[in-house]
Amino acid sequence: MAFLSASKRKAISIYAGRESAKNDSMHRMPHLRQTAVLAARIALIEGADAEACWAAGMLHDIKKRASGDHGAKGAEAAATFLESIGLPPRFVETVRDGILFHNKGFRRGPLERQILWDADKLPILRPAGFKSRMLPYWTSRLGRKKGAEQAIREYRFFRPGLHTKTAIRLMRVDSKKMEKLASSLAGNCTDGRKRRKSNAHL
């Protein structure tokens, strides 16, 4: 059963835009829209609730700026908002659950929960997303070398965590290119350390 009318989708988008405008530049509306569209796409293939996955994608980072667990805080804020625009309890709970767990590790759970996690992480596990989001995010915070090292660590951490067959298949399309990119960055970091050691006596 379809629950999201055009007016409800618009209300969700407006709320998501207003809340995410307070986030860092990597977690604003472009990221939310990308996650929502990808989540709905995966849901259609996997046989899950595509509307709930879309809504969860739009709302999953609305409290990214908050201290503490932004997943937990975002889940409650999203649930309160969705209830306020008249969405049914089961739909609200599906969205709330996905947002609650999108920043946590888990191996089992509702399919919609798995799909949101995958849709949030998949783009940064492919070369374009890694270079446009993951790498700039960490280098802007930690500097070029340490940021690159942290970006590689996160890539290695998230890669084996994908849940759905669809997300794994999409990730594997660019796996060779992504591994080559990660290896190149890791090599540059190592070369930098070697150069500093060799110049230490100067």
# chains A, B, ... in the order shown; residues from 1 in each chain; ligands from 1

$ residues_around --residues "stretch 154-171 of chain A" --least-positions-apart "5" --cutoff "8 Å" --atoms "only C-alpha atoms" --output "PyMOL selection string"
chain A and resi 42+45-46+105+107+114-115+117-119+121-122+124-126

$ write_last_selection --atoms "N, CA and C atoms" --output "PDB file, in the first residue's frame"
ATOM      1  N   ILE A  42      17.278  -0.027  -4.442  1.00  0.00           N
ATOM      2  CA  ILE A  42      17.631  -1.331  -3.892  1.00  0.00           C
ATOM      3  C   ILE A  42      16.386  -2.034  -3.356  1.00  0.00           C
ATOM      4  N   ILE A  45      14.342  -3.804  -5.983  1.00  0.00           N
ATOM      5  CA  ILE A  45      14.988  -5.041  -6.440  1.00  0.00           C
ATOM      6  C   ILE A  45      14.889  -6.137  -5.386  1.00  0.00           C
ATOM      7  N   GLU A  46      15.044  -5.744  -4.126  1.00  0.00           N
ATOM      8  CA  GLU A  46      15.079  -6.715  -3.028  1.00  0.00           C
ATOM      9  C   GLU A  46      13.693  -7.092  -2.506  1.00  0.00           C
ATOM     10  N   GLY A 105      26.911  -1.147  13.671  1.00  0.00           N
ATOM     11  CA  GLY A 105      27.162  -2.438  13.067  1.00  0.00           C
ATOM     12  C   GLY A 105      26.094  -3.443  13.472  1.00  0.00           C
ATOM     13  N   ARG A 107      24.308  -7.519  11.892  1.00  0.00           N
ATOM     14  CA  ARG A 107      24.279  -8.515  10.828  1.00  0.00           C
ATOM     15  C   ARG A 107      22.867  -8.993  10.504  1.00  0.00           C
ATOM     16  N   GLN A 114      18.660  -2.969   6.628  1.00  0.00           N
ATOM     17  CA  GLN A 114      19.842  -3.362   5.872  1.00  0.00           C
ATOM     18  C   GLN A 114      20.022  -2.481   4.638  1.00  0.00           C
ATOM     19  N   ILE A 115      18.918  -2.183   3.984  1.00  0.00           N
ATOM     20  CA  ILE A 115      18.975  -1.395   2.755  1.00  0.00           C
ATOM     21  C   ILE A 115      19.438   0.030   3.022  1.00  0.00           C
ATOM     22  N   TRP A 117      21.359   1.070   5.456  1.00  0.00           N
ATOM     23  CA  TRP A 117      22.791   0.999   5.764  1.00  0.00           C
ATOM     24  C   TRP A 117      23.587   0.896   4.469  1.00  0.00           C
ATOM     25  N   ASP A 118      23.161   0.027   3.582  1.00  0.00           N
ATOM     26  CA  ASP A 118      23.867  -0.171   2.314  1.00  0.00           C
ATOM     27  C   ASP A 118      23.832   1.082   1.447  1.00  0.00           C
ATOM     28  N   ALA A 119      22.663   1.707   1.344  1.00  0.00           N
ATOM     29  CA  ALA A 119      22.525   2.889   0.489  1.00  0.00           C
ATOM     30  C   ALA A 119      23.344   4.060   1.003  1.00  0.00           C
ATOM     31  N   LYS A 121      26.239   3.755   2.654  1.00  0.00           N
ATOM     32  CA  LYS A 121      27.670   3.461   2.543  1.00  0.00           C
ATOM     33  C   LYS A 121      28.136   3.183   1.112  1.00  0.00           C
ATOM     34  N   LEU A 122      27.276   2.622   0.283  1.00  0.00           N
ATOM     35  CA  LEU A 122      27.694   2.162  -1.045  1.00  0.00           C
ATOM     36  C   LEU A 122      28.397   3.228  -1.883  1.00  0.00           C
ATOM     37  N   ILE A 124      30.338   5.683  -1.165  1.00  0.00           N
ATOM     38  CA  ILE A 124      31.725   5.964  -0.770  1.00  0.00           C
ATOM     39  C   ILE A 124      32.623   4.741  -0.898  1.00  0.00           C
ATOM     40  N   LEU A 125      32.044   3.605  -1.293  1.00  0.00           N
ATOM     41  CA  LEU A 125      32.828   2.400  -1.552  1.00  0.00           C
ATOM     42  C   LEU A 125      33.138   2.249  -3.041  1.00  0.00           C
ATOM     43  N   ARG A 126      32.758   3.253  -3.820  1.00  0.00           N
ATOM     44  CA  ARG A 126      33.043   3.263  -5.252  1.00  0.00           C
ATOM     45  C   ARG A 126      33.897   4.491  -5.553  1.00  0.00           C
TER      46      ARG A 126
END

$ closest_residue --among "A:Ala40, A:Ile12, A:Asn188, A:Ala128" --to "A:Leu82" --atoms "only C-alpha atoms"
A:Ile12

$ select_by_dssp --residues "stretch 53-166 of chain A" --states "alpha helix (DSSP H)" --output "PDB file with C-alpha atoms, in the first residue's frame"
ATOM      1  CA  CYS A  53      13.442   3.222   2.426  1.00  0.00           C
ATOM      2  CA  TRP A  54      13.127   6.500   0.514  1.00  0.00           C
ATOM      3  CA  ALA A  55      11.854   8.334   3.594  1.00  0.00           C
ATOM      4  CA  ALA A  56      14.581   6.822   5.784  1.00  0.00           C
ATOM      5  CA  GLY A  57      17.206   7.873   3.258  1.00  0.00           C
ATOM      6  CA  MET A  58      15.899  11.439   3.218  1.00  0.00           C
ATOM      7  CA  LEU A  59      15.864  11.673   7.002  1.00  0.00           C
ATOM      8  CA  HIS A  70      23.102  10.989  15.745  1.00  0.00           C
ATOM      9  CA  GLY A  71      21.351   7.806  14.614  1.00  0.00           C
ATOM     10  CA  ALA A  72      19.315   7.547  17.809  1.00  0.00           C
ATOM     11  CA  LYS A  73      18.536  11.260  17.912  1.00  0.00           C
ATOM     12  CA  GLY A  74      17.665  11.349  14.236  1.00  0.00           C
ATOM     13  CA  ALA A  75      15.417   8.299  14.552  1.00  0.00           C
ATOM     14  CA  GLU A  76      13.300   9.919  17.252  1.00  0.00           C
ATOM     15  CA  ALA A  77      13.124  13.267  15.464  1.00  0.00           C
ATOM     16  CA  ALA A  78      12.134  11.570  12.207  1.00  0.00           C
ATOM     17  CA  ALA A  79       9.459   9.471  13.922  1.00  0.00           C
ATOM     18  CA  THR A  80       7.949  12.526  15.589  1.00  0.00           C
ATOM     19  CA  PHE A  81       7.867  14.388  12.294  1.00  0.00           C
ATOM     20  CA  LEU A  82       6.378  11.498  10.299  1.00  0.00           C
ATOM     21  CA  GLU A  83       3.660  11.032  12.917  1.00  0.00           C
ATOM     22  CA  SER A  84       2.874  14.751  12.691  1.00  0.00           C
ATOM     23  CA  PRO A  89       2.662   3.622  12.985  1.00  0.00           C
ATOM     24  CA  ARG A  90       4.071   0.662  11.054  1.00  0.00           C
ATOM     25  CA  PHE A  91       5.568   2.932   8.394  1.00  0.00           C
ATOM     26  CA  VAL A  92       6.961   5.281  11.030  1.00  0.00           C
ATOM     27  CA  GLU A  93       8.545   2.399  12.940  1.00  0.00           C
ATOM     28  CA  THR A  94      10.201   1.012   9.803  1.00  0.00           C
ATOM     29  CA  VAL A  95      11.788   4.388   9.110  1.00  0.00           C
ATOM     30  CA  ARG A  96      12.736   4.932  12.750  1.00  0.00           C
ATOM     31  CA  ASP A  97      14.427   1.518  12.949  1.00  0.00           C
ATOM     32  CA  GLY A  98      16.464   2.112   9.798  1.00  0.00           C
ATOM     33  CA  ILE A  99      17.713   5.499  10.969  1.00  0.00           C
ATOM     34  CA  LEU A 100      18.496   4.196  14.450  1.00  0.00           C
ATOM     35  CA  PHE A 101      20.812   1.510  13.053  1.00  0.00           C
ATOM     36  CA  LEU A 111      15.399  -5.740   5.250  1.00  0.00           C
ATOM     37  CA  GLU A 112      14.667  -2.004   5.196  1.00  0.00           C
ATOM     38  CA  ARG A 113      17.274  -1.500   7.946  1.00  0.00           C
ATOM     39  CA  GLN A 114      19.842  -3.362   5.872  1.00  0.00           C
ATOM     40  CA  ILE A 115      18.975  -1.395   2.755  1.00  0.00           C
ATOM     41  CA  LEU A 116      19.390   2.018   4.382  1.00  0.00           C
ATOM     42  CA  TRP A 117      22.791   0.999   5.764  1.00  0.00           C
ATOM     43  CA  ASP A 118      23.867  -0.171   2.314  1.00  0.00           C
ATOM     44  CA  ALA A 119      22.525   2.889   0.489  1.00  0.00           C
ATOM     45  CA  ASP A 120      24.306   5.217   2.909  1.00  0.00           C
ATOM     46  CA  LYS A 121      27.670   3.461   2.543  1.00  0.00           C
ATOM     47  CA  PRO A 127      35.723   5.505  -6.802  1.00  0.00           C
ATOM     48  CA  ALA A 128      33.551   8.530  -7.631  1.00  0.00           C
ATOM     49  CA  GLY A 129      31.966   8.737  -4.192  1.00  0.00           C
ATOM     50  CA  LEU A 135      38.495  11.560   0.949  1.00  0.00           C
ATOM     51  CA  PRO A 136      37.635  15.297   1.152  1.00  0.00           C
ATOM     52  CA  TYR A 137      35.696  14.742   4.381  1.00  0.00           C
ATOM     53  CA  TRP A 138      38.692  13.289   6.189  1.00  0.00           C
ATOM     54  CA  THR A 139      41.472  15.336   4.596  1.00  0.00           C
ATOM     55  CA  SER A 140      39.640  18.549   5.513  1.00  0.00           C
ATOM     56  CA  ARG A 141      39.646  17.406   9.142  1.00  0.00           C
ATOM     57  CA  LEU A 142      42.918  15.551   9.549  1.00  0.00           C
ATOM     58  CA  ARG A 144      46.234  15.233   3.586  1.00  0.00           C
ATOM     59  CA  LYS A 145      48.188  12.228   4.878  1.00  0.00           C
ATOM     60  CA  LYS A 146      46.220  11.346   8.000  1.00  0.00           C
ATOM     61  CA  GLY A 147      42.949  12.066   6.203  1.00  0.00           C
ATOM     62  CA  ALA A 148      43.850   9.705   3.378  1.00  0.00           C
ATOM     63  CA  GLU A 149      44.816   7.021   5.872  1.00  0.00           C
ATOM     64  CA  GLN A 150      41.510   7.404   7.727  1.00  0.00           C
ATOM     65  CA  ALA A 151      39.527   7.330   4.475  1.00  0.00           C
ATOM     66  CA  ILE A 152      41.233   4.064   3.501  1.00  0.00           C
ATOM     67  CA  ARG A 153      40.536   2.604   6.949  1.00  0.00           C
ATOM     68  CA  GLU A 154      36.842   3.449   6.655  1.00  0.00           C
ATOM     69  CA  TYR A 155      36.680   1.982   3.167  1.00  0.00           C
ATOM     70  CA  ARG A 156      38.246  -1.261   4.442  1.00  0.00           C
ATOM     71  CA  PHE A 157      35.874  -1.258   7.422  1.00  0.00           C
ATOM     72  CA  PHE A 158      32.625  -0.632   5.543  1.00  0.00           C
ATOM     73  CA  LYS A 165      22.944  -8.873  -2.732  1.00  0.00           C
ATOM     74  CA  THR A 166      22.070  -5.831  -4.815  1.00  0.00           C
TER      75      THR A 166
END
